Amino acid sequence: MYWVRQELRLADNPCLREAAAAECLLPVLLQPKRGRVERPWWEQREGPFRRRFRAESVSAFASELERRGSGLFVCAEARAGALATLAASLQCSRIVATKLAGSDEEAEEQALQVACKRQGVSLHLLDGHTLFAGAQMAGAPADASRSFSRFRKGVEGKLAPAAPLAAPDKLPPLPALTAEVSKGLERFSPSHPFFAAELRQAQPYAHTFALHGAADAGQARMQWFIWESRCIRRYKETRNDPLAVDASSKFSPWLAQGALSAREVWAEIVRFEATHGSNASTYWLRFELLWREYFFWYARHHGTAIFASGGPGTAAVGPKAVDVGVRSTSVVDDASAGLNGERSTWVGRILEGLTAPQRAAFEAWTRGETDASFVNAAMRELRESGWLSNRSRQVAASYLAWQLGVDWRLGAAWFEYWLCDYDVASNWGNWGYQAAAHPRSDARPLDPEWQANAYDPDGAYRHRWLKQT
Ligand code: FAD
C-alpha cells in the first residue's frame with residue numbers, strides 16, 4: 001500500500017520506486033469529507049487557492065497512475081492509523097509513505113507506526129521532500145537546526161543530493177478489492193465529490209500568472225525558467241521584484257504539493273550550469289533551495305516548538321505576543337472533527353487574547369487597510385491571488401509583528417489559509433524568523449516606506465493591487 005501524501009508526481013517518487021517489485025500496489029489518499037457547515041478561516045487551514053491547486057495535482061497524478069496500470073483510491077478517513085487496518089484486511093505486508101515536516105504530520109506517522117505494529121504490517125517512511133536524505137543529515141553539525149548559516153556550511157560542497165529517480169513506465173497492478181474491504185474507499189475520478197467542486201471553479205489566479213497543479217505544468221515552468229527564457233541567469237538581481245512573473249522561479253506551489261521535487265530542480269540547475277556556465281544567479285537559486293531544506297530539518301528537529309511565540313528554546317526577544325501555548329498542524333483535511341478542535345481552540349484563543357485595538361489592527365491588516373501602501377498591496381494580492389513574492393511576504397509579516405504588535409502566529413495562520421504554496425516548515429519558519437522568534441534571527445522591523453521605494457520605485461505594484469480603491 002502506498003499512502004499518498006505530498007509527492008504528487010511520478011518522477012523522483014521514492015514510494016513508487018520502493019513498490020516497483022511488489023506483486024500488487026494500492027495507492028491511497030486520505031481525504032476526509034468536508035462538513036456542511038461553513039467554518040471560519042482559522043478552522044479551515046486551506047483556502048480556495050490551495051484547495052484548487054491540490055485538486056489539480058491529485059487529479060493529474062491519478063491519471064498518470066492509471067496510465068501505468070495502477071490508479072488512485074480516496075479514503076474518507078482523517079487518521080492515518082486507519083490505513084493499517086485496511087492493509088491488514090487486504091493481507092498487504094507493507095505500507096510506504098514519505099516523511100513530512102510539521103508536528104501533526106509527524107504525529108500521523110507515529111500513529112500509523114503504532115497501528116501497523118498492532119496489525120503486523122511494516123511501515124517504510126522514505127525521504128521524498130528534501131534534497132538530502134535523513135541518513136545524510138545525520139552527519140550534519142549538531143546545532144545545524146539552530147542557524148541557517150551553520151546548516152549551509154555543513155552541507156554545501158559536502159553533501160550532494162541523490163540523482164532524481166526516473167518515472168516508472170509501468171506500475172504493479174491494483175489488488176483485488178472485495179466490496180467489504182473497499183468500504184470507505186473510492187476510486188478517484190474528477191467527479192469525486194471532494195474534488196469536483198474545486199476543479200469546476202473558474203481559474204481563480206489567472207490574473208496573476210498561469211498556475212496549474214499538475215506535475216506536467218511544474219515541469220513546464222521549470223523548463224521555461226531555467227532553459228527556455230534563461231531567467232535563471234538574472235535571478236539574483238530580479239528576485240525582489242514583487243510584480244514581474246519571471247522575477248523568480250514560481251516553483252513553490254508545485255514543490256509544496258510535491259508535484260515537483262527539489263532534487264529534480266537542483267539537478268536541472270546543475271545541468272544548466274554545466275552547459276551554459278554558472279553565475280551568482282544560478283548559485284542563488286540553489287541557495288534558496290537550501291533555505292527550504294533548512295526549514296524542513298528545522299521543523300523536524302524542533303517539532304511543536306516552532307509554533308511557540310518565542311520560537312524554539314528561547315525567550316521571546318521579538319515583538320510581544322500573547323502566549324497561549326503551541327500550535328499543532330495537520331496534513332489532513334480540516335473537516336476532520338478530531339483535529340479541528342485543537343486548531344480552532346489554538347487560533348481562537350490568540351484572537352480572544354488580543355486587545356480591541358490589536359484586533360482592529362489585525363483585521364485591517366488582513367483587508368489591506370493599514371497605513372502602509374506596500375503592505376496593503378501585498379495583503380490584497382494574497383487574498384485575490386493566493387500568491388506573494390518573498391519580498392511582499394517579508395514586509396507584510398514584519399509589519400504585523402513589529403509595527404502593529406500583533407502575535408505573529410495569527411499572521412502565519414492567515415498565510416496558511418490563503419497561500420497557494422503553503423508549506424508548514426517554510427511558512428512558520430519564515431514567520432518566526434521575521435518576528436525574531438527563531439534561535440538565530442536578527443530580524444528587526446522593516447520600514448515599509450523604505451521597502452516600497454527600493455522595490456516598487458514606480459509604484460506599479462501598488463497600482464496593480466490598489467487601483468480599485
Ligand atoms: P524563488 O525565489 O524562485 O526560490 C526558489 C525556491 O526556493 C522556492 O520555490 C522555495 O522552494 C525556495 N525558497 C526561496 N526562498 C525561500 C525561503 N525564504 N524559505 C524557504 N524556502 C525558500 N515558501 C513556501 O514555499 N511556502 C510557504 O508557506 C512560505 N511562507 C513564507 C512566509 C513568509 C512570511 C516568508 C517571508 C516567506 C515564506 N516562504 C514560503 C518562502 C518564500 O517566500 C517562497 O518560497 C518564495 O517566495 C516562493 O517563490 P518562488 O518559487 O518564485 O521562489
# chains A, B, ... in the order shown; residues from 1 in each chain; ligands from 1
call {"tool": "select_by_dssp", "arguments": {"residues": "stretch 34-115 of chain A", "states": "strand (DSSP E or B)", "output": "ChimeraX atom specification"}}
result
/A:73-75,94-98
call {"tool": "residues_near_ligand", "arguments": {"ligand": "ligand 1", "cutoff": "6 Å", "atoms": "only C-alpha atoms and all ligand atoms", "output": "MDAnalysis selection string"}}
result
chainID A and resid 239 248:252 256 285 288:289 291:292 389:390 393:394 397 421:423 426:427 430:431
call {"tool": "write_last_selection", "arguments": {"atoms": "C-alpha atoms", "output": "short mmCIF file (atom, residue, chain, number, x, y, z; two decimals), in the first residue's frame"}}
result
data_model
loop_
_atom_site.label_atom_id
_atom_site.label_comp_id
_atom_site.auth_asym_id
_atom_site.auth_seq_id
_atom_site.Cartn_x
_atom_site.Cartn_y
_atom_site.Cartn_z
CA ARG A 239 14.08 38.12 -7.33
CA SER A 248 11.55 34.47 -9.50
CA SER A 249 11.02 30.83 -10.37
CA LYS A 250 7.43 30.37 -9.00
CA PHE A 251 8.32 26.73 -8.32
CA SER A 252 6.98 26.85 -4.75
CA ALA A 256 4.80 22.32 -1.71
CA LEU A 285 18.56 29.58 -6.84
CA GLU A 288 17.24 29.42 -1.83
CA LEU A 289 16.52 25.72 -2.15
CA TRP A 291 16.63 27.68 2.81
CA ARG A 292 13.70 25.39 2.05
CA SER A 389 6.63 37.34 -3.68
CA ASN A 390 9.18 36.71 -0.95
CA ARG A 393 5.76 38.27 2.44
CA GLN A 394 8.63 39.71 4.45
CA ALA A 397 4.90 39.79 8.10
CA ASP A 421 2.20 27.34 -1.92
CA TYR A 422 1.75 26.91 1.84
CA ASP A 423 4.36 24.67 3.34
CA SER A 426 8.76 27.31 5.20
CA ASN A 427 5.76 29.33 6.33
CA ASN A 430 9.98 32.28 7.87
CA TRP A 431 7.33 33.91 10.02
#
call {"tool": "select_by_dssp", "arguments": {"residues": "stretch 117-305 of chain A", "states": "helix (DSSP H, G or I)", "output": "number ranges by chain"}}
result
A: 117-119, 134-137, 144-146, 148-155, 193-200, 215-228, 231-238, 245-247, 252-257, 262-276, 280-305
call {"tool": "residues_around", "arguments": {"residues": "stretch 148-152 of chain A", "least_positions_apart": "4", "cutoff": "10 Å", "atoms": "only C-alpha atoms", "output": "VMD selection string"}}
result
chain A and resid 137 140 to 144 156 to 158 287 290 to 291 293 to 295 297 to 298 440 to 441
call {"tool": "atom_distance", "arguments": {"atom1": "atom CA of A:Leu382", "atom2": "atom CA of A:Arg409"}}
result
16.9 Å
call {"tool": "atom_distance", "arguments": {"atom1": "atom CA of A:Ala160", "atom2": "atom CA of A:Ser261"}}
result
15.0 Å
call {"tool": "residues_around", "arguments": {"residues": "A:Lys99", "least_positions_apart": "5", "cutoff": "6 Å", "atoms": "only C-alpha atoms", "output": "VMD selection string"}}
result
chain A and resid 125 to 127
call {"tool": "write_last_selection", "arguments": {"atoms": "N, CA and C atoms", "output": "PDB file, in the first residue's frame"}}
result
ATOM      1  N   LEU A 125       8.997   4.570   5.916  1.00  0.00           N
ATOM      2  CA  LEU A 125       8.898   6.025   5.706  1.00  0.00           C
ATOM      3  C   LEU A 125      10.148   6.498   4.972  1.00  0.00           C
ATOM      4  N   LEU A 126       9.936   7.139   3.836  1.00  0.00           N
ATOM      5  CA  LEU A 126      11.058   7.468   2.946  1.00  0.00           C
ATOM      6  C   LEU A 126      11.243   8.973   2.833  1.00  0.00           C
ATOM      7  N   ASP A 127      12.436   9.360   2.383  1.00  0.00           N
ATOM      8  CA  ASP A 127      12.712  10.783   2.163  1.00  0.00           C
ATOM      9  C   ASP A 127      12.256  11.147   0.763  1.00  0.00           C
TER      10      ASP A 127
END
call {"tool": "atom_distance", "arguments": {"atom1": "atom CA of A:Trp402", "atom2": "atom CA of A:Ala361"}}
result
12.0 Å
call {"tool": "residues_around", "arguments": {"residues": "A:Leu83", "least_positions_apart": "4", "cutoff": "10 Å", "atoms": "only C-alpha atoms", "output": "compact mmCIF listing (two decimals) with all heavy atoms, in the first residue's frame"}}
result
# COMPACT_ATOMS: atom_id res chain seq x y z
N MET A 1 0.84 -1.18 0.00
CA MET A 1 0.00 0.00 0.00
C MET A 1 0.89 1.25 0.00
O MET A 1 1.92 1.28 0.67
CB MET A 1 -0.89 0.01 1.25
CG MET A 1 -1.84 1.20 1.29
SD MET A 1 -2.89 1.14 2.73
CE MET A 1 -3.86 -0.29 2.36
N TYR A 2 0.48 2.20 -0.78
CA TYR A 2 1.22 3.46 -0.86
C TYR A 2 0.31 4.55 -0.30
O TYR A 2 -0.74 4.84 -0.86
CB TYR A 2 1.61 3.71 -2.33
CG TYR A 2 2.03 5.11 -2.73
CD1 TYR A 2 2.54 6.03 -1.81
CD2 TYR A 2 1.94 5.50 -4.07
CE1 TYR A 2 2.93 7.30 -2.22
CE2 TYR A 2 2.33 6.76 -4.48
CZ TYR A 2 2.80 7.66 -3.54
OH TYR A 2 3.16 8.93 -3.93
N TRP A 3 0.71 5.12 0.83
CA TRP A 3 -0.02 6.24 1.44
C TRP A 3 0.42 7.51 0.72
O TRP A 3 1.54 7.97 0.89
CB TRP A 3 0.28 6.30 2.93
CG TRP A 3 -0.31 7.48 3.64
CD1 TRP A 3 -1.36 8.24 3.27
CD2 TRP A 3 0.16 8.04 4.88
NE1 TRP A 3 -1.60 9.24 4.18
CE2 TRP A 3 -0.68 9.14 5.19
CE3 TRP A 3 1.20 7.73 5.77
CZ2 TRP A 3 -0.50 9.92 6.33
CZ3 TRP A 3 1.38 8.51 6.90
CH2 TRP A 3 0.53 9.58 7.18
N VAL A 28 -3.28 5.03 -1.88
CA VAL A 28 -4.44 5.56 -1.15
C VAL A 28 -4.15 6.96 -0.65
O VAL A 28 -3.12 7.23 -0.04
CB VAL A 28 -4.79 4.67 0.07
CG1 VAL A 28 -6.04 5.20 0.78
CG2 VAL A 28 -5.00 3.24 -0.33
N LEU A 29 -5.11 7.83 -0.89
CA LEU A 29 -5.03 9.21 -0.40
C LEU A 29 -6.08 9.39 0.68
O LEU A 29 -7.24 9.00 0.49
CB LEU A 29 -5.36 10.15 -1.58
CG LEU A 29 -5.40 11.65 -1.30
CD1 LEU A 29 -3.99 12.22 -1.34
CD2 LEU A 29 -6.25 12.35 -2.36
N LEU A 30 -5.69 9.94 1.81
CA LEU A 30 -6.67 10.20 2.88
C LEU A 30 -7.33 11.55 2.61
O LEU A 30 -6.65 12.56 2.50
CB LEU A 30 -5.98 10.23 4.24
CG LEU A 30 -5.40 8.92 4.75
CD1 LEU A 30 -4.69 9.14 6.07
CD2 LEU A 30 -6.49 7.87 4.89
N CYS A 75 -9.69 7.60 0.48
CA CYS A 75 -10.26 7.04 1.70
C CYS A 75 -10.79 8.21 2.53
O CYS A 75 -10.03 9.14 2.84
CB CYS A 75 -9.17 6.28 2.45
SG CYS A 75 -9.69 5.65 4.04
N GLU A 77 -11.17 8.96 5.41
CA GLU A 77 -10.73 8.87 6.79
C GLU A 77 -9.77 10.00 7.10
O GLU A 77 -9.01 10.42 6.24
CB GLU A 77 -9.95 7.55 6.97
CG GLU A 77 -10.73 6.44 7.58
CD GLU A 77 -11.02 6.67 9.05
OE1 GLU A 77 -10.37 7.52 9.67
OE2 GLU A 77 -11.92 5.99 9.57
N ARG A 79 -7.65 9.81 9.91
CA ARG A 79 -6.50 9.28 10.65
C ARG A 79 -5.70 8.26 9.84
O ARG A 79 -6.27 7.30 9.33
CB ARG A 79 -6.97 8.62 11.94
CG ARG A 79 -7.87 9.51 12.76
CD ARG A 79 -7.07 10.23 13.79
NE ARG A 79 -7.86 11.25 14.45
CZ ARG A 79 -7.37 12.14 15.27
NH1 ARG A 79 -6.08 12.18 15.50
NH2 ARG A 79 -8.13 13.04 15.84
N ALA A 87 -4.79 -2.18 5.39
CA ALA A 87 -3.70 -3.01 4.87
C ALA A 87 -3.83 -4.45 5.36
O ALA A 87 -3.69 -5.40 4.58
CB ALA A 87 -2.36 -2.42 5.29
N ALA A 88 -4.13 -4.58 6.65
CA ALA A 88 -4.24 -5.93 7.21
C ALA A 88 -5.39 -6.69 6.55
O ALA A 88 -5.25 -7.88 6.21
CB ALA A 88 -4.44 -5.85 8.72
N SER A 89 -6.50 -6.01 6.30
CA SER A 89 -7.64 -6.72 5.71
C SER A 89 -7.35 -7.10 4.25
O SER A 89 -7.97 -8.02 3.71
CB SER A 89 -8.92 -5.90 5.83
OG SER A 89 -8.77 -4.72 5.09
N ILE A 95 3.43 -0.86 4.06
CA ILE A 95 2.93 0.46 3.64
C ILE A 95 4.16 1.34 3.40
O ILE A 95 5.08 1.36 4.21
CB ILE A 95 2.04 1.10 4.73
CG1 ILE A 95 0.83 0.22 5.02
CG2 ILE A 95 1.59 2.50 4.31
CD1 ILE A 95 -0.13 0.77 6.06
N LEU A 112 0.51 5.90 12.74
CA LEU A 112 0.46 4.81 11.76
C LEU A 112 1.46 3.71 12.14
O LEU A 112 1.16 2.52 12.02
CB LEU A 112 0.73 5.34 10.35
CG LEU A 112 0.69 4.30 9.23
CD1 LEU A 112 -0.65 3.56 9.18
CD2 LEU A 112 0.95 4.95 7.86
N ALA A 115 -0.12 1.67 14.81
CA ALA A 115 -1.21 0.85 14.27
C ALA A 115 -0.66 -0.29 13.42
O ALA A 115 -1.17 -1.42 13.44
CB ALA A 115 -2.16 1.73 13.46
N CYS A 116 0.40 -0.01 12.67
CA CYS A 116 1.00 -1.04 11.81
C CYS A 116 1.57 -2.17 12.65
O CYS A 116 1.44 -3.35 12.32
CB CYS A 116 2.11 -0.44 10.95
SG CYS A 116 1.47 0.41 9.50
call {"tool": "residues_around", "arguments": {"residues": "stretch 185-200 of chain A", "least_positions_apart": "4", "cutoff": "7 Å", "atoms": "only C-alpha atoms", "output": "ChimeraX atom specification"}}
result
/A:33,51-52,55-56,59,62,72-76
call {"tool": "closest_atom_pairs", "arguments": {"of": "stretch 52-108 of chain A", "to": "stretch 302-313 of chain A", "cutoff": "12 Å", "atoms": "only C-alpha atoms", "output": "JSON lines"}}
result
{"residue": "A:Leu100", "atom": "CA", "partner": "A:Gly303", "partner_atom": "CA", "distance": 11.5}
{"residue": "A:Ala101", "atom": "CA", "partner": "A:Gly303", "partner_atom": "CA", "distance": 8.3}
{"residue": "A:Gly102", "atom": "CA", "partner": "A:Gly303", "partner_atom": "CA", "distance": 6.5}
{"residue": "A:Ser103", "atom": "CA", "partner": "A:Gly303", "partner_atom": "CA", "distance": 5.1}
{"residue": "A:Asp104", "atom": "CA", "partner": "A:Thr304", "partner_atom": "CA", "distance": 8.6}
{"residue": "A:Glu105", "atom": "CA", "partner": "A:Gly303", "partner_atom": "CA", "distance": 10.0}
{"residue": "A:Glu106", "atom": "CA", "partner": "A:Gly303", "partner_atom": "CA", "distance": 8.4}
{"residue": "A:Ala107", "atom": "CA", "partner": "A:Gly303", "partner_atom": "CA", "distance": 9.8}
call {"tool": "write_last_selection", "arguments": {"atoms": "N, CA and C atoms", "output": "tab-separated table (two decimals), in the first residue's frame"}}
result
chain	number	residue	atom	x	y	z
A	100	LEU	N	7.11	13.83	6.29
A	100	LEU	CA	6.83	15.26	6.14
A	100	LEU	C	7.31	16.00	7.37
A	101	ALA	N	7.48	17.32	7.21
A	101	ALA	CA	7.76	18.16	8.38
A	101	ALA	C	6.44	18.58	8.99
A	102	GLY	N	6.47	19.05	10.23
A	102	GLY	CA	5.25	19.52	10.90
A	102	GLY	C	4.88	18.55	12.00
A	103	SER	N	4.54	19.08	13.15
A	103	SER	CA	4.33	18.20	14.30
A	103	SER	C	3.14	17.26	14.10
A	104	ASP	N	2.06	17.75	13.50
A	104	ASP	CA	0.92	16.86	13.30
A	104	ASP	C	1.21	15.80	12.26
A	105	GLU	N	1.95	16.22	11.25
A	105	GLU	CA	2.31	15.28	10.19
A	105	GLU	C	3.16	14.15	10.79
A	106	GLU	N	4.08	14.53	11.66
A	106	GLU	CA	4.91	13.51	12.31
A	106	GLU	C	4.08	12.66	13.25
A	107	ALA	N	3.11	13.30	13.92
A	107	ALA	CA	2.24	12.54	14.83
A	107	ALA	C	1.45	11.49	14.05
call {"tool": "closest_residue", "arguments": {"among": "A:Pro439, A:Gly47, A:Pro175, A:Pro457", "to": "A:Ser145", "atoms": "only C-alpha atoms"}}
result
A:Pro439
call {"tool": "residues_around", "arguments": {"residues": "A:Ala401", "least_positions_apart": "3", "cutoff": "12 Å", "atoms": "only C-alpha atoms", "output": "PyMOL selection string"}}
result
chain A and resi 309+317-322+358+361-362+365+394-398+404-412+431-437+443-446
